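coords-v7.pdb, holding PDB, C-alpha atoms:
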ATOM      1  CA  MET A 114     -87.963  -0.230 148.267
ATOM      2  CA  ALA A 115     -87.571  -0.620 144.499
ATOM      3  CA  SER A 116     -84.095  -2.042 145.031
ATOM      4  CA  LEU A 117     -85.455  -4.611 147.516
ATOM      5  CA  LEU A 118     -88.213  -5.681 145.140
ATOM      6  CA  LEU A 119     -85.676  -6.084 142.341
ATOM      7  CA  GLN A 120     -83.474  -8.244 144.562
ATOM      8  CA  LEU A 121     -86.445 -10.393 145.548
ATOM      9  CA  ALA A 122     -87.432 -10.790 141.892
ATOM     10  CA  VAL A 123     -83.900 -11.825 140.940
ATOM     11  CA  LEU A 124     -83.828 -14.262 143.863
ATOM     12  CA  ALA A 125     -87.175 -15.758 142.801
ATOM     13  CA  VAL A 126     -85.987 -16.210 139.207
ATOM     14  CA  ALA A 127     -82.750 -17.790 140.459
ATOM     15  CA  LEU A 128     -84.674 -20.214 142.683
ATOM     16  CA  VAL A 129     -86.995 -21.206 139.833
ATOM     17  CA  ALA A 130     -84.016 -21.704 137.520
ATOM     18  CA  ALA A 131     -82.233 -23.782 140.165
ATOM     19  CA  ALA A 132     -85.358 -25.884 140.715
ATOM     20  CA  LEU A 133     -85.706 -26.520 136.978
ATOM     21  CA  ILE A 134     -82.041 -27.473 136.671
ATOM     22  CA  LEU A 135     -82.431 -29.825 139.643
ATOM     23  CA  ILE A 136     -85.510 -31.453 138.077
ATOM     24  CA  PHE A 137     -83.616 -31.889 134.791
ATOM     25  CA  ILE A 138     -80.705 -33.520 136.633
ATOM     26  CA  VAL A 139     -82.970 -35.827 138.659
ATOM     27  CA  ALA A 140     -84.916 -36.821 135.540
ATOM     28  CA  PHE A 141     -81.692 -37.597 133.684
ATOM     29  CA  ILE A 142     -79.904 -39.462 136.489
ATOM     30  CA  THR A 143     -82.874 -41.594 137.511
ATOM     31  CA  ALA A 144     -83.731 -42.608 133.934
ATOM     32  CA  THR A 145     -82.910 -46.072 132.646
ATOM     33  CA  LYS A 146     -81.480 -45.864 129.126
ATOM     34  CA  MET A 147     -83.953 -48.375 127.699
ATOM     35  CA  PRO A 148     -87.000 -50.130 129.155
ATOM     36  CA  SER A 149     -86.520 -53.514 130.753
ATOM     37  CA  LEU A 150     -88.025 -56.217 128.549
ATOM     38  CA  TYR A 151     -87.159 -59.056 130.916
ATOM     39  CA  ARG A 152     -89.629 -61.901 131.366
ATOM     40  CA  HIS A 153     -89.365 -64.306 134.330
ATOM     41  CA  GLU A 154     -89.030 -67.972 133.436
ATOM     42  CA  GLU A 155     -92.562 -68.708 134.729
ATOM     43  CA  GLU A 156     -93.933 -65.927 132.507
ATOM     44  CA  LYS A 157     -92.745 -67.610 129.315
ATOM     45  CA  PHE A 158     -95.491 -70.221 129.528
ATOM     46  CA  PHE A 159     -99.271 -70.486 129.755
ATOM     47  CA  LEU A 160    -101.466 -73.379 130.834
ATOM     48  CA  ASN A 161    -103.619 -75.013 128.179
ATOM     49  CA  ALA A 162    -107.147 -76.196 128.955
ATOM     50  CA  LYS A 163    -105.731 -79.459 130.363
ATOM     51  CA  GLY A 164    -103.422 -77.613 132.729
ATOM     52  CA  GLN A 165    -100.264 -78.421 130.752
ATOM     53  CA  LYS A 166     -97.536 -75.839 130.148
ATOM     54  CA  GLU A 167     -97.081 -74.446 126.650
ATOM     55  CA  THR A 168     -94.595 -71.850 125.442
ATOM     56  CA  LEU A 169     -96.036 -68.432 124.707
ATOM     57  CA  PRO A 170     -95.631 -67.068 121.167
ATOM     58  CA  SER A 171     -93.917 -63.781 120.349
ATOM     59  CA  ILE A 172     -95.170 -60.645 118.665
ATOM     60  CA  TRP A 173     -92.200 -60.997 116.308
ATOM     61  CA  ASP A 174     -93.681 -64.244 114.968
ATOM     62  CA  SER A 175     -96.039 -64.090 111.997
ATOM     63  CA  PRO A 176     -99.663 -63.450 113.037
ATOM     64  CA  THR A 177    -102.080 -66.381 113.075
ATOM     65  CA  LYS A 178    -105.216 -64.592 114.349
ATOM     66  CA  GLN A 179    -107.126 -61.607 113.052
ATOM     67  CA  LEU A 180    -107.634 -60.044 116.482
ATOM     68  CA  SER A 181    -105.882 -60.311 119.851
ATOM     69  CA  ILE A 182    -107.537 -58.814 122.932
ATOM     70  CA  VAL A 183    -105.202 -58.032 125.847
ATOM     71  CA  VAL A 184    -106.923 -57.626 129.208
ATOM     72  CA  PRO A 185    -104.675 -56.345 132.052
ATOM     73  CA  SER A 186    -106.116 -57.514 135.369
ATOM     74  CA  TYR A 187    -105.161 -56.769 138.955
ATOM     75  CA  ASN A 188    -107.441 -58.147 141.692
ATOM     76  CA  GLU A 189    -110.310 -58.396 139.208
ATOM     77  CA  GLU A 190    -111.990 -61.652 140.289
ATOM     78  CA  LYS A 191    -115.347 -59.855 140.682
ATOM     79  CA  ARG A 192    -115.383 -57.530 137.669
ATOM     80  CA  LEU A 193    -113.602 -59.737 135.119
ATOM     81  CA  PRO A 194    -116.468 -62.254 134.530
ATOM     82  CA  VAL A 195    -118.887 -59.507 133.446
ATOM     83  CA  MET A 196    -116.389 -58.174 130.931
ATOM     84  CA  MET A 197    -115.429 -61.628 129.653
ATOM     85  CA  ASP A 198    -119.036 -62.727 129.229
ATOM     86  CA  GLU A 199    -119.879 -59.654 127.147
ATOM     87  CA  ALA A 200    -116.678 -59.839 125.066
ATOM     88  CA  LEU A 201    -116.905 -63.559 124.371
ATOM     89  CA  GLY A 202    -120.604 -63.332 123.611
ATOM     90  CA  TYR A 203    -119.798 -60.759 120.932
ATOM     91  CA  LEU A 204    -116.721 -62.581 119.601
ATOM     92  CA  GLU A 205    -118.440 -65.976 119.357
ATOM     93  CA  LYS A 206    -121.452 -64.459 117.595
ATOM     94  CA  ARG A 207    -119.173 -62.660 115.144
ATOM     95  CA  GLN A 208    -117.288 -65.879 114.431
ATOM     96  CA  LYS A 209    -120.525 -67.758 113.748
ATOM     97  CA  GLN A 210    -121.578 -65.055 111.311
ATOM     98  CA  ASP A 211    -118.125 -65.014 109.701
ATOM     99  CA  PRO A 212    -116.249 -68.336 110.104
ATOM    100  CA  THR A 213    -113.072 -66.742 108.713
ATOM    101  CA  PHE A 214    -112.891 -64.402 111.734
ATOM    102  CA  THR A 215    -110.353 -65.582 114.338
ATOM    103  CA  TYR A 216    -109.530 -64.156 117.744
ATOM    104  CA  GLU A 217    -107.782 -64.729 121.052
ATOM    105  CA  VAL A 218    -108.249 -63.168 124.486
ATOM    106  CA  ILE A 219    -105.124 -62.836 126.640
ATOM    107  CA  VAL A 220    -105.836 -62.124 130.311
ATOM    108  CA  VAL A 221    -102.708 -60.833 132.046
ATOM    109  CA  ASP A 222    -102.905 -61.267 135.816
ATOM    110  CA  ASP A 223    -100.649 -58.499 137.103
ATOM    111  CA  GLY A 224     -99.568 -60.196 140.338
ATOM    112  CA  SER A 225    -103.088 -60.264 141.828
ATOM    113  CA  LYS A 226    -103.670 -61.225 145.449
ATOM    114  CA  ASP A 227    -107.126 -62.663 144.748
ATOM    115  CA  GLN A 228    -108.382 -65.426 142.431
ATOM    116  CA  THR A 229    -108.114 -63.483 139.158
ATOM    117  CA  SER A 230    -106.046 -66.177 137.402
ATOM    118  CA  LYS A 231    -108.397 -68.963 138.479
ATOM    119  CA  VAL A 232    -111.449 -67.023 137.338
ATOM    120  CA  ALA A 233    -109.816 -66.334 133.950
ATOM    121  CA  PHE A 234    -108.648 -69.952 133.574
ATOM    122  CA  LYS A 235    -112.243 -71.186 133.787
ATOM    123  CA  TYR A 236    -112.852 -69.405 130.480
ATOM    124  CA  CYS A 237    -109.806 -71.147 129.033
ATOM    125  CA  GLN A 238    -111.292 -74.497 130.070
ATOM    126  CA  ARG A 239    -114.655 -73.560 128.548
ATOM    127  CA  TYR A 240    -113.475 -72.086 125.238
ATOM    128  CA  GLY A 241    -110.054 -73.731 124.844
ATOM    129  CA  SER A 242    -106.542 -72.316 125.103
ATOM    130  CA  ASP A 243    -106.434 -71.401 121.405
ATOM    131  CA  LYS A 244    -108.987 -68.697 122.195
ATOM    132  CA  ILE A 245    -108.347 -67.873 125.864
ATOM    133  CA  ARG A 246    -104.921 -67.639 127.462
ATOM    134  CA  VAL A 247    -103.956 -66.540 130.948
ATOM    135  CA  ILE A 248    -100.541 -65.076 131.752
ATOM    136  CA  THR A 249     -99.822 -64.809 135.470
ATOM    137  CA  LEU A 250     -97.048 -62.354 136.268
ATOM    138  CA  VAL A 251     -94.679 -63.170 139.121
ATOM    139  CA  LYS A 252     -95.015 -59.686 140.595
ATOM    140  CA  ASN A 253     -97.056 -56.575 139.956
ATOM    141  CA  ARG A 254     -95.599 -54.520 137.079
ATOM    142  CA  GLY A 255     -98.358 -51.954 136.690
ATOM    143  CA  LYS A 256    -101.041 -51.691 134.027
ATOM    144  CA  GLY A 257     -98.614 -50.663 131.285
ATOM    145  CA  GLY A 258     -96.258 -53.521 132.126
ATOM    146  CA  ALA A 259     -99.127 -56.018 132.103
ATOM    147  CA  VAL A 260    -100.436 -54.783 128.749
ATOM    148  CA  ARG A 261     -96.948 -54.986 127.263
ATOM    149  CA  MET A 262     -96.520 -58.594 128.424
ATOM    150  CA  GLY A 263     -99.808 -59.492 126.765
ATOM    151  CA  VAL A 264     -98.949 -57.622 123.568
ATOM    152  CA  PHE A 265     -95.601 -59.400 123.328
ATOM    153  CA  SER A 266     -97.394 -62.763 123.618
ATOM    154  CA  SER A 267    -100.110 -62.026 121.069
ATOM    155  CA  ARG A 268    -100.819 -63.628 117.694
ATOM    156  CA  GLY A 269    -103.178 -61.088 116.139
ATOM    157  CA  GLU A 270    -102.864 -58.938 113.040
ATOM    158  CA  LYS A 271    -104.546 -56.283 115.163
ATOM    159  CA  ILE A 272    -104.218 -55.975 118.939
ATOM    160  CA  LEU A 273    -106.906 -54.504 121.177
ATOM    161  CA  MET A 274    -106.297 -53.252 124.716
ATOM    162  CA  ALA A 275    -109.435 -53.656 126.830
ATOM    163  CA  ASP A 276    -109.916 -52.992 130.552
ATOM    164  CA  ALA A 277    -111.112 -55.784 132.839
ATOM    165  CA  ASP A 278    -113.937 -53.670 134.245
ATOM    166  CA  GLY A 279    -115.864 -53.770 130.967
ATOM    167  CA  ALA A 280    -116.514 -50.020 131.098
ATOM    168  CA  THR A 281    -116.419 -49.768 127.294
ATOM    169  CA  LYS A 282    -119.097 -51.686 125.389
ATOM    170  CA  PHE A 283    -117.149 -54.392 123.595
ATOM    171  CA  PRO A 284    -119.010 -54.246 120.248
ATOM    172  CA  ASP A 285    -117.481 -50.770 119.856
ATOM    173  CA  VAL A 286    -114.374 -52.572 118.663
ATOM    174  CA  GLU A 287    -116.039 -52.330 115.235
ATOM    175  CA  LYS A 288    -115.875 -48.532 115.499
ATOM    176  CA  LEU A 289    -112.136 -48.759 116.184
ATOM    177  CA  GLU A 290    -111.655 -51.163 113.276
ATOM    178  CA  LYS A 291    -113.402 -48.712 110.949
ATOM    179  CA  GLY A 292    -111.322 -45.852 112.345
ATOM    180  CA  LEU A 293    -108.168 -47.859 111.739
ATOM    181  CA  ASN A 294    -109.188 -48.740 108.184
ATOM    182  CA  ASP A 295    -109.990 -45.094 107.438
ATOM    183  CA  LEU A 296    -106.332 -44.241 108.166
ATOM    184  CA  GLN A 297    -105.099 -46.359 105.258
ATOM    185  CA  PRO A 298    -102.648 -46.457 103.622
ATOM    186  CA  TRP A 299    -100.716 -47.219 106.824
ATOM    187  CA  PRO A 300     -97.036 -46.167 106.768
ATOM    188  CA  ASP A 301     -94.948 -49.287 107.420
ATOM    189  CA  GLN A 302     -98.226 -51.066 108.305
ATOM    190  CA  MET A 303     -98.541 -48.954 111.482
ATOM    191  CA  ALA A 304    -101.708 -47.271 112.744
ATOM    192  CA  ILE A 305    -103.594 -46.793 116.034
ATOM    193  CA  ALA A 306    -107.267 -46.184 116.851
ATOM    194  CA  CYS A 307    -107.984 -44.827 120.349
ATOM    195  CA  GLY A 308    -111.344 -45.152 122.033
ATOM    196  CA  SER A 309    -112.397 -41.804 123.457
ATOM    197  CA  ARG A 310    -114.729 -40.600 126.214
ATOM    198  CA  ALA A 311    -114.214 -36.929 125.377
ATOM    199  CA  HIS A 312    -117.804 -36.632 124.095
ATOM    200  CA  LEU A 313    -118.989 -37.608 127.597
ATOM    201  CA  GLU A 314    -116.951 -34.889 129.344
ATOM    202  CA  LYS A 315    -119.855 -32.530 130.106
ATOM    203  CA  GLU A 316    -121.887 -35.335 131.645
ATOM    204  CA  SER A 317    -118.957 -36.544 133.765
ATOM    205  CA  ILE A 318    -118.253 -33.025 135.035
ATOM    206  CA  ALA A 319    -121.829 -32.776 136.288
ATOM    207  CA  GLN A 320    -121.330 -35.944 138.345
ATOM    208  CA  ARG A 321    -117.854 -35.137 139.695
ATOM    209  CA  SER A 322    -116.753 -32.958 142.588
ATOM    210  CA  TYR A 323    -115.089 -29.620 141.763
ATOM    211  CA  PHE A 324    -111.800 -31.012 143.066
ATOM    212  CA  ARG A 325    -111.843 -34.051 140.745
ATOM    213  CA  THR A 326    -112.886 -31.845 137.832
ATOM    214  CA  LEU A 327    -109.941 -29.541 138.561
ATOM    215  CA  LEU A 328    -107.579 -32.530 138.658
ATOM    216  CA  MET A 329    -108.991 -33.789 135.356
ATOM    217  CA  TYR A 330    -108.486 -30.452 133.593
ATOM    218  CA  GLY A 331    -105.014 -30.122 135.103
ATOM    219  CA  PHE A 332    -104.028 -33.565 133.834
ATOM    220  CA  HIS A 333    -105.426 -32.855 130.347
ATOM    221  CA  PHE A 334    -103.457 -29.608 130.202
ATOM    222  CA  LEU A 335    -100.209 -31.352 131.216
ATOM    223  CA  VAL A 336    -100.768 -34.072 128.608
ATOM    224  CA  TRP A 337    -101.291 -31.433 125.908
ATOM    225  CA  PHE A 338     -98.500 -29.126 127.086
ATOM    226  CA  LEU A 339     -95.824 -31.758 127.715
ATOM    227  CA  CYS A 340     -96.488 -34.820 125.596
ATOM    228  CA  VAL A 341     -99.416 -35.449 123.249
ATOM    229  CA  LYS A 342    -101.159 -33.000 120.949
ATOM    230  CA  GLY A 343    -104.475 -33.572 119.200
ATOM    231  CA  ILE A 344    -105.793 -36.473 121.330
ATOM    232  CA  ARG A 345    -108.447 -35.343 123.816
ATOM    233  CA  ASP A 346    -108.663 -38.622 125.770
ATOM    234  CA  THR A 347    -105.351 -40.443 126.128
ATOM    235  CA  GLN A 348    -106.448 -42.577 129.099
ATOM    236  CA  CYS A 349    -109.329 -44.629 127.707
ATOM    237  CA  GLY A 350    -108.278 -48.278 128.023
ATOM    238  CA  PHE A 351    -109.824 -49.261 124.683
ATOM    239  CA  LYS A 352    -107.149 -48.960 121.971
ATOM    240  CA  LEU A 353    -106.611 -50.888 118.745
ATOM    241  CA  LEU A 354    -103.164 -51.163 117.156
ATOM    242  CA  THR A 355    -101.814 -52.870 114.084
ATOM    243  CA  ARG A 356     -99.272 -55.546 114.941
ATOM    244  CA  GLU A 357     -96.402 -53.452 113.619
ATOM    245  CA  ALA A 358     -97.483 -50.368 115.585
ATOM    246  CA  ALA A 359     -97.797 -52.435 118.770
ATOM    247  CA  SER A 360     -94.354 -54.016 118.454
ATOM    248  CA  ARG A 361     -92.703 -50.689 117.646
ATOM    249  CA  THR A 362     -94.319 -48.618 120.404
ATOM    250  CA  PHE A 363     -94.393 -51.159 123.231
ATOM    251  CA  SER A 364     -90.761 -52.154 122.708
ATOM    252  CA  SER A 365     -89.810 -48.514 123.354
ATOM    253  CA  LEU A 366     -92.127 -48.008 126.346
ATOM    254  CA  HIS A 367     -90.563 -47.044 129.691
ATOM    255  CA  ILE A 368     -93.583 -46.158 131.846
ATOM    256  CA  GLU A 369     -95.300 -49.241 133.247
ATOM    257  CA  ARG A 370     -98.002 -47.685 135.383
ATOM    258  CA  TRP A 371    -101.029 -45.453 134.783
ATOM    259  CA  ALA A 372     -99.371 -42.867 132.527
ATOM    260  CA  PHE A 373     -98.113 -45.480 130.052
ATOM    261  CA  ASP A 374    -100.865 -44.540 127.560
ATOM    262  CA  VAL A 375     -99.403 -41.054 127.279
ATOM    263  CA  GLU A 376     -95.886 -42.286 126.554
ATOM    264  CA  LEU A 377     -97.309 -44.823 124.091
ATOM    265  CA  LEU A 378     -99.012 -42.032 122.125
ATOM    266  CA  TYR A 379     -95.982 -39.746 122.524
ATOM    267  CA  ILE A 380     -93.848 -42.462 120.888
ATOM    268  CA  ALA A 381     -96.471 -42.985 118.178
ATOM    269  CA  GLN A 382     -96.592 -39.275 117.322
ATOM    270  CA  PHE A 383     -92.786 -39.068 117.331
ATOM    271  CA  LEU A 384     -92.692 -41.974 114.851
ATOM    272  CA  LYS A 385     -95.480 -40.306 112.803
ATOM    273  CA  ILE A 386     -97.810 -43.274 113.261
ATOM    274  CA  PRO A 387    -101.326 -42.155 112.219
ATOM    275  CA  ILE A 388    -103.799 -42.071 115.134
ATOM    276  CA  ALA A 389    -107.594 -41.920 115.035
ATOM    277  CA  GLU A 390    -109.651 -40.894 118.080
ATOM    278  CA  ILE A 391    -113.016 -42.645 118.079
ATOM    279  CA  ALA A 392    -115.971 -41.966 120.400
ATOM    280  CA  VAL A 393    -117.067 -45.093 122.293
ATOM    281  CA  ASN A 394    -119.847 -46.002 124.694
ATOM    282  CA  TRP A 395    -118.466 -45.932 128.212
ATOM    283  CA  THR A 396    -119.921 -46.372 131.697
ATOM    284  CA  GLU A 397    -118.079 -45.776 134.967
ATOM    285  CA  ILE A 398    -117.774 -49.049 136.888
ATOM    286  CA  GLU A 399    -117.255 -49.246 140.635
ATOM    287  CA  GLY A 400    -113.990 -50.698 141.933
ATOM    288  CA  SER A 401    -111.421 -48.441 140.236
ATOM    289  CA  LYS A 402    -107.833 -48.939 141.470
ATOM    290  CA  LEU A 403    -107.098 -45.215 141.042
ATOM    291  CA  VAL A 404    -106.799 -43.147 144.213
ATOM    292  CA  PRO A 405    -107.847 -39.725 142.854
ATOM    293  CA  PHE A 406    -105.305 -37.303 144.341
ATOM    294  CA  TRP A 407    -102.228 -39.538 144.646
ATOM    295  CA  SER A 408    -102.772 -41.280 141.314
ATOM    296  CA  TRP A 409    -103.115 -37.952 139.495
ATOM    297  CA  LEU A 410    -100.017 -36.661 141.312
ATOM    298  CA  GLN A 411     -98.035 -39.745 140.234
ATOM    299  CA  MET A 412     -99.241 -39.380 136.654
ATOM    300  CA  GLY A 413     -98.346 -35.683 136.671
ATOM    301  CA  LYS A 414     -94.820 -36.530 137.751
ATOM    302  CA  ASP A 415     -94.612 -39.225 135.062
ATOM    303  CA  LEU A 416     -95.753 -36.753 132.379
ATOM    304  CA  LEU A 417     -93.073 -34.258 133.373
ATOM    305  CA  PHE A 418     -90.394 -36.942 133.429
ATOM    306  CA  ILE A 419     -91.507 -38.379 130.066
ATOM    307  CA  ARG A 420     -90.960 -34.985 128.464
ATOM    308  CA  LEU A 421     -87.709 -34.185 130.261
ATOM    309  CA  ARG A 422     -86.117 -37.591 129.722
ATOM    310  CA  TYR A 423     -86.726 -37.563 125.987
ATOM    311  CA  LEU A 424     -85.721 -33.894 125.827
ATOM    312  CA  THR A 425     -82.391 -34.491 127.600
ATOM    313  CA  GLY A 426     -81.647 -37.670 125.637
ATOM    314  CA  ALA A 427     -81.847 -39.895 128.721
ATOM    315  CA  TRP A 428     -84.472 -41.835 126.776
ATOM    316  CA  ARG A 429     -84.060 -42.415 123.061
ATOM    317  CA  LEU A 430     -86.199 -44.189 120.514
ATOM    318  CA  GLU A 431     -84.148 -47.022 119.091
ATOM    319  CA  GLN A 432     -84.678 -50.050 116.920
ATOM    320  CA  THR A 433     -87.312 -52.603 117.957
ATOM    321  CA  ARG A 434     -85.873 -55.132 120.402
ATOM    322  CA  LYS A 435     -87.006 -58.604 121.388
ATOM    323  CA  MET A 436     -87.846 -59.649 124.930
ATOM    324  CA  ASN A 437     -85.504 -61.950 126.826
TER     325      ASN A 437
END

Starting from the coordinates I provided, produce the structure as structure tokens.
Amino acid sequence: MASLLLQLAVLAVALVAAALILIFIVAFITATKMPSLYRHEEEKFFLNAKGQKETLPSIWDSPTKQLSIVVPSYNEEKRLPVMMDEALGYLEKRQKQDPTFTYEVIVVDDGSKDQTSKVAFKYCQRYGSDKIRVITLVKNRGKGGAVRMGVFSSRGEKILMADADGATKFPDVEKLEKGLNDLQPWPDQMAIACGSRAHLEKESIAQRSYFRTLLMYGFHFLVWFLCVKGIRDTQCGFKLLTREAASRTFSSLHIERWAFDVELLYIAQFLKIPIAEIAVNWTEIEGSKLVPFWSWLQMGKDLLFIRLRYLTGAWRLEQTRKMN
């Protein structure tokens, strides 16, 4: 009996080892050496308020605005106006109080099937294309891919990622700005301030099913165990980066879908970019594109592959590259 148990134990260990080796091999073989930074010809332009094509700027140009806001949008024709009205109300009021303050909002339509681009363009017509720009992607890239396209077309000294659902109260950008300033001096002018909902965790648990709570804790554990230490909420879509931090991290980003935030922060920690986690006001908005079980499963796979691909050298952090 003891001999049989020993054989079964050895077999189990061998199977686990074989499975791990197989996962390592799959992660290595399926990895692209560097992220694709290709931009379709149509994605190199935006329409000004008169409907005329103009060439988009590059993040490698010198900044001409104090703040760029990048809003990734996929089928957001209904939720986007609420977010834009709140954001622009705040930004216009701030500019009136301080005429030296300059901003731009870049709405990136991630291959939407609805009227997202048309809804966003109305704001361009109202406020002008110096303040509002709409980039319409040829095909859906995923949230991370959409954010990266907006970041690479931005003109700001600081770049804010903000979700189209308006779940985070926009005036909280001032909290992120303070958090960023408190990190000074910035090494190589790089720093990141992450909005965080971690302080709302107890309240959210009370409103969630046990299954969703279990998924949430499982995801947080994987993030901590595999990729990012010291950041309790990696997934809040409200993040502020210096221009240098944005160009350095996004040019090295491989993941283009929901788990891109984790790789972004993994890269930042690897490069020793200082990160502040700042509590923000957040409200859950109906219409989320996440399908609880399958989305968490996909993100779990991405987390594992992020770790394995950097560990095996399939992915390497190289010098900042420009987009074609």

Within 12 Å of Ile419 (chain A), counting all atoms listed in the file, which residues show up once you throw out same-chain ones fewer than 2 positions away? Write them as a PyMOL selection string, please. chain A and resi 137+140-141+143-145+335-336+338-341+366-369+372-380+412-417+421-429

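Among A:Leu289, A:Ala280, A:Leu327, A:Ala359, the residue with the shortest atom-to-atom distance to Gln302 (chain A), counting only C-alpha atoms, is A:Ala359.
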
Identify all residues satisfying the PyMOL selection byres ((chain A and resi 214-222) around 9) in the given file; provide them as a ChimeraX atom specification. /A:177-189,197,201,204,207-213,223-225,229-230,233-234,242-250,253,259-260,262-264,266-269,277

On this structure, the PyMOL selection byres ((chain A and resi 344) around 12) would catch which residues? List them as number ranges by chain, sorted by chain and number. A: 305-311, 333-334, 336-338, 340-343, 345-349, 374-375, 378-379, 381-382, 387-392

Expected file: the selected residues, C-alpha atoms, as an mmCIF file, in the coordinates of the input:
data_model
loop_
_atom_site.group_PDB
_atom_site.id
_atom_site.type_symbol
_atom_site.label_atom_id
_atom_site.label_comp_id
_atom_site.auth_asym_id
_atom_site.auth_seq_id
_atom_site.Cartn_x
_atom_site.Cartn_y
_atom_site.Cartn_z
ATOM 1 C CA ILE A 305 -103.594 -46.793 116.034
ATOM 2 C CA ALA A 306 -107.267 -46.184 116.851
ATOM 3 C CA CYS A 307 -107.984 -44.827 120.349
ATOM 4 C CA GLY A 308 -111.344 -45.152 122.033
ATOM 5 C CA SER A 309 -112.397 -41.804 123.457
ATOM 6 C CA ARG A 310 -114.729 -40.600 126.214
ATOM 7 C CA ALA A 311 -114.214 -36.929 125.377
ATOM 8 C CA HIS A 333 -105.426 -32.855 130.347
ATOM 9 C CA PHE A 334 -103.457 -29.608 130.202
ATOM 10 C CA VAL A 336 -100.768 -34.072 128.608
ATOM 11 C CA TRP A 337 -101.291 -31.433 125.908
ATOM 12 C CA PHE A 338 -98.500 -29.126 127.086
ATOM 13 C CA CYS A 340 -96.488 -34.820 125.596
ATOM 14 C CA VAL A 341 -99.416 -35.449 123.249
ATOM 15 C CA LYS A 342 -101.159 -33.000 120.949
ATOM 16 C CA GLY A 343 -104.475 -33.572 119.200
ATOM 17 C CA ARG A 345 -108.447 -35.343 123.816
ATOM 18 C CA ASP A 346 -108.663 -38.622 125.770
ATOM 19 C CA THR A 347 -105.351 -40.443 126.128
ATOM 20 C CA GLN A 348 -106.448 -42.577 129.099
ATOM 21 C CA CYS A 349 -109.329 -44.629 127.707
ATOM 22 C CA ASP A 374 -100.865 -44.540 127.560
ATOM 23 C CA VAL A 375 -99.403 -41.054 127.279
ATOM 24 C CA LEU A 378 -99.012 -42.032 122.125
ATOM 25 C CA TYR A 379 -95.982 -39.746 122.524
ATOM 26 C CA ALA A 381 -96.471 -42.985 118.178
ATOM 27 C CA GLN A 382 -96.592 -39.275 117.322
ATOM 28 C CA PRO A 387 -101.326 -42.155 112.219
ATOM 29 C CA ILE A 388 -103.799 -42.071 115.134
ATOM 30 C CA ALA A 389 -107.594 -41.920 115.035
ATOM 31 C CA GLU A 390 -109.651 -40.894 118.080
ATOM 32 C CA ILE A 391 -113.016 -42.645 118.079
ATOM 33 C CA ALA A 392 -115.971 -41.966 120.400
#

Find the distance between CA of Arg370 (chain A) and CA of Ile398 (chain A) and write it in Å to one decimal. 19.9 Å

At what distance in Å, to one decimal, does CA of Val251 (chain A) lie from CA of Glu156 (chain A)?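 Answer for the CA of Glu156 (chain A) to CA of Val251 (chain A) separation: 7.2 Å.
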